[in-house]
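Everything below concerns the one structure shown next.
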Amino acid sequence: MAVPRFEPCISLPLEPSVLEDVVPKAKDWALMHGAAMRSKTNFNPDSLQFAPFVLIPSVFPRKEFEKAVAIQEVLNELVHKVAHDRDFLVENLKSVIEVDEFTNKLFKIYETVYSEGITQPIALGLLRSDIMLETCCGGGDCNEKNKKPKFQPHCCWKQVEVNTIASGFGWLGPASALIHSYVLAELGAGEKLKNLPPNSALEGLCGGMLEAWKLYGQEKAVILFIVEDVTYNICDQRFHEFKIREMAPKVKVIRKTLTEMSAQAKLGQHKELLVNGMEIAVVYFRSGYEPSQYNSSDDWDARLLIERSRAIKCPTIYYHLAGTKKVQQALAHPGALERFLNDADKVESVRDIFTGLYALEFNESGEKAVEMAMSNPDNYVLKPQREGGGNNVYGQQVKEVLEGMRNSQERTAWILMERIKPPVQKSYMIRPGTANSEGQKLVPVDVVSELGIFGAVIGDANKIISNKQVGHMLRTKISTADEGGVAAGLGALDSPYLID
Ligand SMILES: Nc1ncnc2c1ncn2[C@@H]1O[C@H](COP(=O)(O)OP(=O)(O)OP(=O)(O)O)[C@@H](O)[C@H]1O
Ligand SMILES: [Mg+2]
């Protein structure tokens with residue numbers, strides 16, 4: 001069966017002479033405007049490489065884009081309420097924490113601060129809901145009303161997940177559309193620019209941090225970014241710092257690793273978070289979401305210290321837990337959404353975007369899910385409680401991994417998800433080192449895309465103070481690749497080209 005596909009917004013292939021002209025220009029444009037990263041293979045803190053990108057923006061149906069934008073505030077509300085529902089988190093994570101050491105350690109921090117009493121009731125959520133267009137709903141929960149006439153390559157979109165920690169691409173998302181604006185104009189297609197939607201993700205995310213900073217209410221207090229030992233995706237952090245400086249010239253941003261925090265941070269008399277004499281108003285985590293980002297128990301102690309403090313955290317430990325794959329799966333359980341959203345339309349609209357999500361507990365439905373995946377592994381993704389890419393299991397390996405842990409308690413720490421099969425389109429992938437005029441031929445390849453919508457939400461257990469959709473990002477990968485993380489080296493920057 002032919003794979004459903006979109007026609008690209010520019011007729012491909014481009015003439016070799018056109019490519020020879022535009023590719024080096026586009027690479028330099030990206031590099032000179034900060035659509036860049038540090039090289040992993042040739043690391044040098046003083047130099048950058050452009051981030052991989054696709055030469056022309058990928059087609060995305062306008063109606064589906066607008067629907068994704070429109071639902072973000074409901075998703076913000078949902079995640080905020082889930083994060084503050086202790087019973088829900090405890091109940092749904094209890095089997096995971098028995099077998100998954102990382103989630104267990106996060107959960108222990110939650111238990112500790114909960115039993116001591118939460119010092120700072122306000123939480124800042126900077127979320128990113130990732131979605132993919134679906135070509136067919138293959139027995140999932142797609143409603144009849146979503147089914148489109150046959151000539152359209154998609155029928156709807158489904159959510160991959162919501163990220164609640166270190167949701168990246170607030171800068172690289174908007175930057176991608178700027179590369180594409182330049183490229184389309186260079187290709188003589190300036191009239192197409194109107195189909196690139198505006199994207200103020202960077203202002204929106206930094207605006208969220210500044211709103212939290214104001215709520216903290218200390219003129220002199222600073223914003224702290226918790227960063228990795230080595231940051232490759234540096235532009236996607238520094239541009240946030242630069243934007244904060246621009247939006248609020250008086251507000252200082254500092255960067256610390258968890259290890260530096262363990263040596264330099266302490267709590268003041270009223271549990272102020274103090275680092276080298278500076279009081280911290282807001283902590284923005286760009287690290288701390290995977291086990292390797294904790295070098296030792298000292299780093300874990302630093303995470304606990306931050307959590308105990310008065311600083312407003314993005315995310316709080318309970319927001320972090322609310323973003324686990326297990327909680328996502330629990331929300332797809334019948335009746336779960338009703339617990340958080342008291343409006344039937346909201347419940348229905350969110351349920352509509354879930355694809356099949358299954359627990360792998362030792363009970364009848366867990367066994368059924370195991371059977372289902374083993375007999376049709378290509379239709380499922382197996383996910384552990386991890387972030388950052390590269391941890392999920394796809395295709396035949398789903399069967400092998402399930403076979404290996406079928407009788408082990410370990411399987412309860414994983415979830416099973418229906419595999420979303422997005423339509424393909426042709427594009428040019430431009431990576432550092434790829435050809436332009438040096439004899440190698442650049443050819444269009446089949447790619448698939450994933451859209452992320454950013455949300456910013458601030459509030460406490462009782463109320464939401466601010467709730468906004470703030471922008472988007474698009475990542476694109478070769479259609480045969482399982483995952484598309486750009487920082488992880490698999491995907492490429494992209495921006496949506498909206499079609500009616
Ligand atoms: N159900 C699915 N169907 C198709 N592809 C999927 C599915 N789930 C995940 N993927 C692919 O795998 C990637 C990583 O999945 P996921 O977001 O669940 O993991 P993660 O480790 O949290 O990644 P990230 O760091 O991007 O948040 C997705 O960006 C997507 O490309
Ligand atoms: Mg994630």
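Letters A, B, ... mark the chains of the structure tokens in the order given; residue numbers begin at 1 per chain; ligand numbers begin at 1, in order shown.
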When the cut-off is 8 Å and you count only C-alpha atoms and all ligand atoms, which residues lie near ligand 1, shown as an MDAnalysis selection string?
chainID A and resid 130 132 159:163 167 325 355 380:381 383 386:392 417:422 450 477 482:485
Grab the residues selected above and save them as a short mmCIF file (atom, residue, chain, number, x, y, z; two decimals), in the first residue's frame with N, CA, C and O atoms.
data_model
loop_
_atom_site.label_atom_id
_atom_site.label_comp_id
_atom_site.auth_asym_id
_atom_site.auth_seq_id
_atom_site.Cartn_x
_atom_site.Cartn_y
_atom_site.Cartn_z
N ASP A 130 3.56 17.33 22.35
CA ASP A 130 4.05 16.85 21.05
C ASP A 130 2.97 16.04 20.36
O ASP A 130 2.36 15.15 20.98
N MET A 132 1.54 14.19 16.42
CA MET A 132 1.84 13.77 15.05
C MET A 132 0.53 13.57 14.30
O MET A 132 -0.44 13.05 14.88
N GLN A 159 -1.68 12.81 20.14
CA GLN A 159 -0.62 13.30 21.02
C GLN A 159 0.44 12.22 21.26
O GLN A 159 0.09 11.07 21.56
N VAL A 160 1.71 12.61 21.13
CA VAL A 160 2.80 11.70 21.50
C VAL A 160 2.96 11.76 23.02
O VAL A 160 2.94 10.74 23.70
N GLU A 161 3.11 12.96 23.55
CA GLU A 161 3.21 13.14 25.00
C GLU A 161 3.23 14.62 25.35
O GLU A 161 3.40 15.47 24.47
N VAL A 162 3.10 14.92 26.64
CA VAL A 162 3.31 16.29 27.11
C VAL A 162 4.60 16.29 27.93
O VAL A 162 4.76 15.47 28.84
N ASN A 163 5.52 17.19 27.60
CA ASN A 163 6.75 17.32 28.39
C ASN A 163 6.54 18.38 29.46
O ASN A 163 6.05 19.47 29.16
N SER A 167 11.40 21.51 28.40
CA SER A 167 10.75 21.49 27.08
C SER A 167 11.53 22.40 26.13
O SER A 167 11.42 23.62 26.22
N LYS A 325 5.48 9.03 31.63
CA LYS A 325 4.70 8.27 30.65
C LYS A 325 3.56 7.52 31.35
O LYS A 325 2.48 7.36 30.82
N THR A 355 -4.07 8.49 21.60
CA THR A 355 -4.08 7.24 20.87
C THR A 355 -4.09 6.12 21.92
O THR A 355 -4.08 6.41 23.11
N TYR A 380 3.07 -0.76 17.66
CA TYR A 380 3.19 -0.24 19.03
C TYR A 380 4.56 0.32 19.34
O TYR A 380 5.55 0.00 18.67
N VAL A 381 4.59 1.16 20.37
CA VAL A 381 5.85 1.65 20.93
C VAL A 381 5.83 1.30 22.41
O VAL A 381 4.80 1.48 23.08
N LYS A 383 7.38 2.08 26.08
CA LYS A 383 8.08 3.24 26.67
C LYS A 383 8.38 3.06 28.15
O LYS A 383 7.46 2.79 28.94
N ARG A 386 11.20 7.54 30.98
CA ARG A 386 12.39 8.34 30.70
C ARG A 386 12.07 9.49 29.78
O ARG A 386 11.11 9.44 29.02
N GLU A 387 12.92 10.50 29.81
CA GLU A 387 12.83 11.65 28.92
C GLU A 387 14.14 11.79 28.17
O GLU A 387 15.15 11.22 28.56
N GLY A 388 14.12 12.59 27.13
CA GLY A 388 15.38 12.94 26.47
C GLY A 388 15.66 12.15 25.22
O GLY A 388 16.67 12.37 24.55
N GLY A 389 14.78 11.22 24.88
CA GLY A 389 14.93 10.48 23.64
C GLY A 389 15.84 9.26 23.76
O GLY A 389 16.66 9.16 24.67
N GLY A 390 15.64 8.33 22.83
CA GLY A 390 16.53 7.17 22.75
C GLY A 390 16.22 6.03 23.72
O GLY A 390 16.97 5.06 23.80
N ASN A 391 15.13 6.12 24.46
CA ASN A 391 14.82 5.07 25.44
C ASN A 391 13.67 4.16 25.03
O ASN A 391 13.50 3.08 25.60
N ASN A 392 12.86 4.59 24.09
CA ASN A 392 11.69 3.80 23.70
C ASN A 392 12.10 2.62 22.82
O ASN A 392 13.18 2.61 22.24
N MET A 417 2.12 1.94 23.82
CA MET A 417 1.39 2.99 23.11
C MET A 417 1.21 2.59 21.66
O MET A 417 2.14 2.03 21.06
N GLU A 418 0.05 2.87 21.12
CA GLU A 418 -0.13 2.62 19.69
C GLU A 418 0.82 3.49 18.90
O GLU A 418 1.04 4.66 19.27
N ARG A 419 1.37 2.95 17.84
CA ARG A 419 2.31 3.73 17.03
C ARG A 419 1.53 4.63 16.07
O ARG A 419 0.66 4.16 15.33
N ILE A 420 1.85 5.90 16.10
CA ILE A 420 1.20 6.86 15.20
C ILE A 420 1.95 6.79 13.87
O ILE A 420 3.18 6.75 13.85
N LYS A 421 1.19 6.74 12.77
CA LYS A 421 1.84 6.61 11.46
C LYS A 421 1.56 7.85 10.62
O LYS A 421 0.54 7.96 9.96
N PRO A 422 2.47 8.82 10.68
CA PRO A 422 2.21 10.10 10.01
C PRO A 422 2.42 10.02 8.50
O PRO A 422 3.19 9.17 8.03
N GLU A 450 6.84 16.16 13.43
CA GLU A 450 6.18 16.14 14.74
C GLU A 450 6.07 17.58 15.24
O GLU A 450 7.08 18.29 15.29
N LYS A 477 12.07 14.16 10.72
CA LYS A 477 13.08 13.09 10.63
C LYS A 477 12.84 12.29 9.36
O LYS A 477 11.75 12.34 8.78
N ASP A 482 12.93 5.88 13.92
CA ASP A 482 11.93 5.74 14.99
C ASP A 482 11.75 7.06 15.74
O ASP A 482 10.65 7.48 16.02
N GLU A 483 12.88 7.71 16.09
CA GLU A 483 12.80 8.93 16.90
C GLU A 483 13.41 10.10 16.15
O GLU A 483 14.21 9.91 15.24
N GLY A 484 13.05 11.30 16.59
CA GLY A 484 13.50 12.46 15.82
C GLY A 484 14.12 13.58 16.64
O GLY A 484 14.06 14.73 16.25
N GLY A 485 14.74 13.25 17.78
CA GLY A 485 15.35 14.30 18.60
C GLY A 485 16.47 15.00 17.82
O GLY A 485 17.35 14.34 17.28
#
Residue set, region 253-403 of chain A restricted to strand (DSSP E), as a ChimeraX atom specification
/A:253-256,265-267,273-275,278-285,312-314,357-359,380-383,393-394
Which of region 236-473 of chain A fall in alpha helix (DSSP H), as an MDAnalysis selection string
chainID A and resid 236:247 258:264 297:308 317:322 325:331 336:340 344:353 364:375 396:405
Leaving out Asp378 (chain A) and any residue of its chain fewer than 4 positions from it, which residues lie within 10 Å of it when counting only C-alpha atoms, given as a list in words?
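Everything that qualifies: Ala373, Met374, Tyr394, Gly395, Gln396, Gln397, Val398, Lys399, Glu418 and Arg419 of chain A.
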Residues from last step as file, N, CA and C atoms, as an mmCIF file, in the first residue's frame:
data_model
loop_
_atom_site.group_PDB
_atom_site.id
_atom_site.type_symbol
_atom_site.label_atom_id
_atom_site.label_comp_id
_atom_site.auth_asym_id
_atom_site.auth_seq_id
_atom_site.Cartn_x
_atom_site.Cartn_y
_atom_site.Cartn_z
ATOM 1 N N ALA A 373 0.541 -6.540 21.615
ATOM 2 C CA ALA A 373 1.796 -5.969 21.114
ATOM 3 C C ALA A 373 2.689 -7.051 20.515
ATOM 4 N N MET A 374 2.700 -8.239 21.151
ATOM 5 C CA MET A 374 3.588 -9.298 20.651
ATOM 6 C C MET A 374 3.113 -9.805 19.298
ATOM 7 N N TYR A 394 10.869 0.048 19.585
ATOM 8 C CA TYR A 394 10.000 0.045 18.398
ATOM 9 C C TYR A 394 10.114 -1.264 17.630
ATOM 10 N N GLY A 395 9.120 -1.530 16.808
ATOM 11 C CA GLY A 395 9.162 -2.624 15.832
ATOM 12 C C GLY A 395 9.367 -3.996 16.475
ATOM 13 N N GLN A 396 10.147 -4.869 15.820
ATOM 14 C CA GLN A 396 10.348 -6.232 16.302
ATOM 15 C C GLN A 396 10.908 -6.278 17.718
ATOM 16 N N GLN A 397 11.637 -5.221 18.074
ATOM 17 C CA GLN A 397 12.217 -5.193 19.429
ATOM 18 C C GLN A 397 11.147 -5.126 20.509
ATOM 19 N N VAL A 398 9.975 -4.614 20.145
ATOM 20 C CA VAL A 398 8.868 -4.559 21.115
ATOM 21 C C VAL A 398 8.595 -5.986 21.586
ATOM 22 N N LYS A 399 8.573 -6.900 20.613
ATOM 23 C CA LYS A 399 8.287 -8.309 20.918
ATOM 24 C C LYS A 399 9.404 -8.896 21.785
ATOM 25 N N GLU A 418 0.052 2.871 21.122
ATOM 26 C CA GLU A 418 -0.133 2.619 19.691
ATOM 27 C C GLU A 418 0.819 3.494 18.902
ATOM 28 N N ARG A 419 1.369 2.949 17.839
ATOM 29 C CA ARG A 419 2.305 3.733 17.033
ATOM 30 C C ARG A 419 1.534 4.630 16.072
#
In terms of only C-alpha atoms, the residue from A:Phe60, A:Trp29, A:Trp157, A:Tyr294 at minimal distance from Ile353 (chain A) is A:Trp157
Each residue of region 297-361 of chain A lying at most 8 Å from region 104-122 of chain A should get a row with its shortest atom-to-atom pair and the distance in Å to one decimal, counting only C-alpha atoms; could you produce that, ordered by chain and increasing number, as a tab-separated table?
residue	atom	partner	partner_atom	distance
A:Leu304	CA	A:Ile109	CA	5.9
A:Glu307	CA	A:Val113	CA	7.1
A:Arg308	CA	A:Val113	CA	6.0
A:Ser309	CA	A:Thr119	CA	6.3
A:Arg310	CA	A:Gln120	CA	4.8
A:Ala311	CA	A:Gln120	CA	6.6
A:Ile312	CA	A:Ile122	CA	6.2
A:Ile317	CA	A:Tyr110	CA	6.0
A:Tyr318	CA	A:Tyr110	CA	6.5
A:Leu321	CA	A:Phe107	CA	7.5
For each of A:Leu193, A:Ile165, A:Leu331, A:Val283, take the minimum atom-to-atom distance to ligand 2, counting only C-alpha atoms and all ligand atoms, then give the residue where this is smallest.
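Smallest distance to ligand 2 is found for A:Ile165.
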Fewer than 4 positions away in the same chain doesn't count, so skip those; otherwise give me all residues within 7 Å of region 441-447 of chain A, counting only C-alpha atoms, as a PyMOL selection string.
chain A and resi 13+424-428+435-436+476-479
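One distance worth recording is that between CA of Val227 (chain A) and CA of Lys256 (chain A), which is 5.9 Å.
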Rank nothing, just name the residue among A:Gly168, A:Gly491, A:Pro334, A:Pro45 nearest to ligand 2, using only C-alpha atoms and all ligand atoms.
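Between A:Gly168, A:Gly491, A:Pro334, A:Pro45, the residue approaching ligand 2 most closely is A:Gly168.
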12 Å contact set for Lys214 (chain A), only C-alpha atoms, chain neighbours under 2 positions out, as a count of residues only:
23
Nearby residues (only C-alpha atoms) at most 12 Å from Lys463 (chain A), same-chain spacing under 2 positions excluded, as a compact mmCIF listing (two decimals) with all heavy atoms, in the first residue's frame:
# COMPACT_ATOMS: atom_id res chain seq x y z
N GLU A 77 -4.21 23.28 31.80
CA GLU A 77 -5.07 23.14 32.98
C GLU A 77 -5.03 21.70 33.50
O GLU A 77 -4.88 21.46 34.70
CB GLU A 77 -6.51 23.52 32.58
CG GLU A 77 -7.51 23.36 33.71
CD GLU A 77 -8.97 23.56 33.24
OE1 GLU A 77 -9.20 24.12 32.15
OE2 GLU A 77 -9.87 23.15 34.00
N HIS A 80 -1.65 20.91 35.12
CA HIS A 80 -1.53 21.63 36.40
C HIS A 80 -2.34 20.93 37.50
O HIS A 80 -1.87 20.75 38.62
CB HIS A 80 -2.02 23.08 36.22
CG HIS A 80 -1.78 23.92 37.43
ND1 HIS A 80 -0.58 24.54 37.69
CD2 HIS A 80 -2.60 24.21 38.49
CE1 HIS A 80 -0.66 25.18 38.85
NE2 HIS A 80 -1.88 25.00 39.35
N LYS A 81 -3.53 20.50 37.13
CA LYS A 81 -4.38 19.85 38.14
C LYS A 81 -3.86 18.46 38.49
O LYS A 81 -3.91 18.05 39.65
CB LYS A 81 -5.82 19.78 37.63
CG LYS A 81 -6.48 21.16 37.63
CD LYS A 81 -7.92 21.08 37.18
CE LYS A 81 -8.61 22.42 37.31
NZ LYS A 81 -9.90 22.44 36.58
N HIS A 84 -1.08 18.60 40.95
CA HIS A 84 -1.48 18.93 42.31
C HIS A 84 -2.42 17.89 42.94
O HIS A 84 -2.96 18.12 44.02
CB HIS A 84 -2.12 20.33 42.35
CG HIS A 84 -1.11 21.41 42.13
ND1 HIS A 84 -0.79 21.89 40.88
CD2 HIS A 84 -0.30 22.08 42.99
CE1 HIS A 84 0.15 22.81 40.98
NE2 HIS A 84 0.47 22.95 42.25
N PRO A 121 4.03 27.42 47.32
CA PRO A 121 2.85 26.81 46.70
C PRO A 121 2.72 27.08 45.20
O PRO A 121 2.06 26.33 44.48
CB PRO A 121 1.67 27.46 47.45
CG PRO A 121 2.22 28.73 48.02
CD PRO A 121 3.68 28.50 48.27
N ILE A 122 3.40 28.14 44.71
CA ILE A 122 3.24 28.47 43.29
C ILE A 122 4.17 27.61 42.43
O ILE A 122 5.35 27.44 42.75
CB ILE A 122 3.54 29.97 43.05
CG1 ILE A 122 2.49 30.81 43.78
CG2 ILE A 122 3.55 30.31 41.56
CD1 ILE A 122 2.77 32.29 43.77
N ALA A 123 3.60 27.08 41.35
CA ALA A 123 4.39 26.27 40.41
C ALA A 123 4.34 26.92 39.04
O ALA A 123 3.32 27.50 38.64
CB ALA A 123 3.80 24.86 40.34
N VAL A 457 1.96 27.94 32.20
CA VAL A 457 0.90 27.97 33.20
C VAL A 457 1.50 28.22 34.58
O VAL A 457 2.57 27.67 34.91
CB VAL A 457 0.04 26.67 33.13
CG1 VAL A 457 0.89 25.42 33.24
CG2 VAL A 457 -1.07 26.65 34.18
N ILE A 458 0.84 29.08 35.33
CA ILE A 458 1.32 29.39 36.68
C ILE A 458 0.13 29.30 37.64
O ILE A 458 -0.97 29.76 37.31
CB ILE A 458 1.90 30.83 36.77
CG1 ILE A 458 2.99 31.03 35.70
CG2 ILE A 458 2.47 31.11 38.16
CD1 ILE A 458 3.58 32.43 35.68
N GLY A 459 0.37 28.73 38.79
CA GLY A 459 -0.70 28.67 39.77
C GLY A 459 -0.30 27.84 40.97
O GLY A 459 0.85 27.40 41.08
N ASP A 460 -1.26 27.64 41.87
CA ASP A 460 -1.00 26.76 43.01
C ASP A 460 -2.06 25.67 43.04
O ASP A 460 -2.82 25.51 42.07
CB ASP A 460 -0.95 27.57 44.32
CG ASP A 460 -2.25 28.30 44.60
OD1 ASP A 460 -3.32 27.88 44.09
OD2 ASP A 460 -2.23 29.30 45.36
N ALA A 461 -2.16 24.96 44.14
CA ALA A 461 -3.07 23.82 44.20
C ALA A 461 -4.53 24.24 44.03
O ALA A 461 -5.37 23.46 43.58
CB ALA A 461 -2.88 23.08 45.52
N ILE A 465 -3.27 31.00 38.00
CA ILE A 465 -3.13 32.45 37.92
C ILE A 465 -2.99 32.90 36.47
O ILE A 465 -3.47 33.94 36.05
CB ILE A 465 -1.88 32.91 38.72
CG1 ILE A 465 -2.00 32.48 40.19
CG2 ILE A 465 -1.65 34.42 38.61
CD1 ILE A 465 -0.70 32.59 40.98
N SER A 466 -2.30 32.08 35.68
CA SER A 466 -2.05 32.44 34.28
C SER A 466 -1.99 31.16 33.46
O SER A 466 -1.40 30.17 33.88
CB SER A 466 -0.71 33.20 34.24
OG SER A 466 -0.26 33.31 32.92
N ASN A 467 -2.60 31.18 32.29
CA ASN A 467 -2.66 29.97 31.45
C ASN A 467 -2.64 30.39 29.98
O ASN A 467 -3.58 31.00 29.50
CB ASN A 467 -3.96 29.20 31.79
CG ASN A 467 -4.11 27.96 30.92
OD1 ASN A 467 -3.28 27.66 30.05
ND2 ASN A 467 -5.19 27.22 31.15
Could you pull the residues within 12 Å of Lys40 (chain A), counting only C-alpha atoms, minus those fewer than 5 positions along the same chain, as a PyMOL selection string?
chain A and resi 45+47-49+51+230-234+432+487-489
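Proximity of A:Pro4, A:Pro291, A:Pro61, A:Pro52 to Asp500 (chain A), computed with only C-alpha atoms, is greatest for A:Pro61.
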Gap from CA of Val347 (chain A) to CA of Val96 (chain A) - Å, one decimal
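Those two atoms sit 26.1 Å apart.
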In Å, with one decimal, what is the gap from CA of Leu133 (chain A) to CA of Ala68 (chain A)?
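CA of Leu133 (chain A) sits 10.7 Å away from CA of Ala68 (chain A).
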